[in-house]
Structures are given as C-alpha cells and as structure tokens.
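This report concerns only the one structure given below.
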Amino acid sequence: MFELLLTVLLFQAKAAPEQPIPFSHKAHAGDLKLKCKMCHPNAGSGETMQIAKAATCMQCHSAVKTDSPAIERLAAAVKSEREIKWARVYEIPSYVNFSHKSHLDSGNACADCHGAVAERVALAREGDISMGGCMNCHRVKKVSIDCTFCHEQR
C-alpha cells in the first residue's frame with residue numbers, strides 16, 4: 001500500500017506551466033491535424049526536437065486570427081526579432097543519451113512519451129520520462145536496459 005501511495009505522489013501530473021503566449025495543442029494538433037514536426041523540427045541529425053520559433057507560427061498567423069492580442073504579441077516579437085521564452089514542459093537530463101530520431105524511427109509515437117497532446121489546450125507533463133518509466137518501456141518493447149545504452153559511460 002505504501003509503495004502505491006508513493007508512486008502516485010511521485011508521478012502525479014504536474015500543472016501546465018504558464019506560457020508567455022497562450023498556445024493550444026488541441027487546436028493545432030487536434031482540430032487542425034498539424035503534424036508535430038511542423039512546429040517541432042528536429043534539425044541536423046534529428047536527435048532533439050526544437051520548440052517552434054515565432055516566425056514559424058507567423059507562417060499561418062500572418063493571415064489567421066490577426067486581431068487576437070496573443071497573435072499581435074507574437075507578430076511584434078517576430079518584427080523586433082525577439083525570441084519567445086516558452087516554458088519547457090519536458091526536459092531530459094544532459095547525462096542521458098536520448099534520441100527522438102531513433103525513437104521515431106523505431107515506430108514510437110510522440111504520444112507514447114508525451115501523452116495525448118492533441119487533446120490538450122494547455123500542455124502539462126503527463127508522460128513518465130523518469131529512468132523507471134523509460135526502463136519499463138524498454139522492457140515492454142524488448143530494448144536494452146544496459147546502463148550504457150542510455151547513459152554516458154563514466
């Protein structure tokens with residue numbers, strides 16, 4: 001019983017962080033069916049996914065919802081070449097060798113780790129990206145759980 005309570009307390013979904021400009025994954029990925037890579041490119045080797053630049057948003061929003069105060073702030077940031085400081089929801093520690101490319105190439109979906117993003121107006125951390133969560137997934141998918149498979153050898 002104690003172990004169950006501890007697990008629930010450790011992995012409760014955290015509240016969505018406040019973002020500098022409201023963004024709905026439900027509207028973009030859900031209703032409009034935009035692909036994750038449209039806003040989250042994996043440049044270079046494809047190992048890490050990037051957070052969209054404001055100019056990417058303006059590819060559509062230069063003509064869509066232009067009278068929205070949030071879009072006006074977005075357009076002003078692009079015009080003045082200011083970066084939007086989005087609040088990170090997921091971040092892997094630097095000592096973990098994690099590759100989005102290898103996970104996607106292996107048939108994993110974004111939702112496997114990030115949850116039902118396309119159903120969320122505000123994105124909170126839902127997926128268990130702890131070492132235990134990753135190891136459980138590796139066991140289920142019969143992938144190595146050897147320490148050096150994911151961690152730098154020291």
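So you can find residues: chains in the structure tokens are A, B, ... in the order shown, residues in each start at 1, and ligands are numbered from 1 in order.
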
Could you list, as a ChimeraX atom specification, every residue within 12 Å of stretch 108-112 of chain A, counting only C-alpha atoms and ignoring same-chain residues fewer than 2 positions away? /A:29,35-37,40,49,99-106,114-120,125-129,133-134,137-138,141

Set the distance at 12 Å and use only C-alpha atoms: which residues neighbour stretch 50-67 of chain A once local chain neighbours fewer than 2 positions away are removed? I'd like the list as a ChimeraX atom specification. /A:20-21,23,28,32,34,36-44,46-48,69-91,100

Using N, CA and C atoms, can you write the selected residues to a file as a CSV table (one decimal), in the first residue's frame?
chain,number,residue,atom,x,y,z
A,20,PRO,N,4.2,32.3,-22.2
A,20,PRO,CA,4.2,33.7,-22.4
A,20,PRO,C,3.1,34.1,-23.4
A,21,ILE,N,2.7,33.2,-24.3
A,21,ILE,CA,1.6,33.4,-25.2
A,21,ILE,C,0.8,32.1,-25.2
A,23,PHE,N,-1.1,28.9,-26.0
A,23,PHE,CA,-1.0,28.0,-27.2
A,23,PHE,C,-1.8,26.8,-26.9
A,28,HIS,N,-4.3,23.1,-32.6
A,28,HIS,CA,-3.3,23.0,-33.7
A,28,HIS,C,-3.1,21.5,-34.1
A,32,LEU,N,-6.8,21.0,-36.1
A,32,LEU,CA,-6.3,21.3,-37.4
A,32,LEU,C,-5.4,20.1,-38.0
A,34,LEU,N,-2.3,19.4,-37.5
A,34,LEU,CA,-1.0,19.7,-37.8
A,34,LEU,C,0.0,18.6,-37.2
A,36,CYS,N,3.4,17.1,-35.5
A,36,CYS,CA,4.3,17.6,-34.5
A,36,CYS,C,5.5,18.3,-35.2
A,37,LYS,N,6.1,17.6,-36.2
A,37,LYS,CA,7.3,18.2,-36.8
A,37,LYS,C,7.1,19.5,-37.5
A,38,MET,N,5.8,19.9,-37.7
A,38,MET,CA,5.6,21.2,-38.4
A,38,MET,C,6.1,22.3,-37.4
A,39,CYS,N,5.8,22.2,-36.1
A,39,CYS,CA,6.2,23.2,-35.1
A,39,CYS,C,7.4,22.8,-34.3
A,40,HIS,N,7.7,21.5,-34.3
A,40,HIS,CA,8.9,21.0,-33.5
A,40,HIS,C,9.8,20.3,-34.5
A,41,PRO,N,10.6,21.1,-35.2
A,41,PRO,CA,11.5,20.4,-36.2
A,41,PRO,C,12.7,19.7,-35.4
A,42,ASN,N,13.2,18.7,-36.0
A,42,ASN,CA,14.4,18.1,-35.4
A,42,ASN,C,15.6,18.3,-36.4
A,43,ALA,N,16.2,19.4,-36.3
A,43,ALA,CA,17.2,19.9,-37.2
A,43,ALA,C,18.5,19.1,-37.1
A,44,GLY,N,19.3,19.2,-38.1
A,44,GLY,CA,20.6,18.5,-38.0
A,44,GLY,C,20.4,17.0,-38.1
A,46,GLY,N,18.7,15.2,-36.1
A,46,GLY,CA,17.4,14.8,-35.7
A,46,GLY,C,17.3,14.2,-34.3
A,47,GLU,N,18.3,14.4,-33.5
A,47,GLU,CA,18.4,13.8,-32.2
A,47,GLU,C,17.4,14.5,-31.2
A,48,THR,N,17.3,15.9,-31.4
A,48,THR,CA,16.5,16.6,-30.4
A,48,THR,C,15.4,17.4,-31.2
A,69,PRO,N,-5.1,39.5,-29.5
A,69,PRO,CA,-4.0,40.1,-28.7
A,69,PRO,C,-2.7,39.2,-28.6
A,70,ALA,N,-3.0,37.9,-28.5
A,70,ALA,CA,-1.8,37.0,-28.4
A,70,ALA,C,-1.1,36.9,-29.7
A,71,ILE,N,-1.8,36.9,-30.8
A,71,ILE,CA,-1.1,36.9,-32.1
A,71,ILE,C,-0.4,38.2,-32.4
A,72,GLU,N,-1.0,39.3,-31.9
A,72,GLU,CA,-0.4,40.6,-32.1
A,72,GLU,C,0.9,40.6,-31.3
A,73,ARG,N,1.0,40.0,-30.1
A,73,ARG,CA,2.3,40.0,-29.3
A,73,ARG,C,3.3,39.1,-30.1
A,74,LEU,N,2.8,38.0,-30.7
A,74,LEU,CA,3.6,37.1,-31.4
A,74,LEU,C,4.2,37.8,-32.7
A,75,ALA,N,3.4,38.6,-33.4
A,75,ALA,CA,3.8,39.3,-34.5
A,75,ALA,C,4.8,40.4,-34.2
A,76,ALA,N,4.6,41.0,-33.0
A,76,ALA,CA,5.6,42.1,-32.5
A,76,ALA,C,6.9,41.4,-32.2
A,77,ALA,N,6.9,40.2,-31.6
A,77,ALA,CA,8.2,39.6,-31.3
A,77,ALA,C,8.9,39.2,-32.6
A,78,VAL,N,8.2,38.8,-33.6
A,78,VAL,CA,8.9,38.5,-34.9
A,78,VAL,C,9.4,39.8,-35.5
A,79,LYS,N,8.6,40.8,-35.5
A,79,LYS,CA,9.1,42.1,-36.1
A,79,LYS,C,10.3,42.6,-35.4
A,80,SER,N,10.4,42.5,-34.1
A,80,SER,CA,11.6,43.0,-33.4
A,80,SER,C,12.6,41.9,-33.2
A,81,GLU,N,12.5,40.8,-33.8
A,81,GLU,CA,13.4,39.7,-33.7
A,81,GLU,C,13.7,39.2,-32.3
A,82,ARG,N,12.6,39.3,-31.5
A,82,ARG,CA,12.7,38.8,-30.1
A,82,ARG,C,12.3,37.3,-30.0
A,83,GLU,N,13.0,36.5,-29.2
A,83,GLU,CA,12.7,35.1,-29.1
A,83,GLU,C,11.6,35.0,-28.0
A,84,ILE,N,10.7,34.1,-28.2
A,84,ILE,CA,9.6,33.8,-27.2
A,84,ILE,C,10.2,32.8,-26.2
A,85,LYS,N,10.2,33.1,-25.0
A,85,LYS,CA,10.7,32.3,-23.9
A,85,LYS,C,9.7,31.3,-23.5
A,86,TRP,N,9.4,30.2,-24.2
A,86,TRP,CA,8.4,29.2,-23.9
A,86,TRP,C,8.9,28.5,-22.6
A,87,ALA,N,8.0,28.2,-21.7
A,87,ALA,CA,8.3,27.4,-20.5
A,87,ALA,C,8.4,25.9,-21.0
A,88,ARG,N,9.5,25.3,-20.7
A,88,ARG,CA,9.7,23.9,-21.0
A,88,ARG,C,8.7,23.0,-20.2
A,89,VAL,N,8.2,22.0,-20.8
A,89,VAL,CA,7.4,21.0,-20.2
A,89,VAL,C,8.1,19.7,-19.9
A,90,TYR,N,8.9,19.3,-20.9
A,90,TYR,CA,9.7,18.1,-20.8
A,90,TYR,C,11.2,18.5,-21.0
A,91,GLU,N,12.1,17.9,-20.2
A,91,GLU,CA,13.5,18.0,-20.5
A,91,GLU,C,14.2,16.8,-19.9
A,100,HIS,N,15.4,11.5,-30.2
A,100,HIS,CA,14.0,11.5,-30.8
A,100,HIS,C,14.0,10.7,-32.1
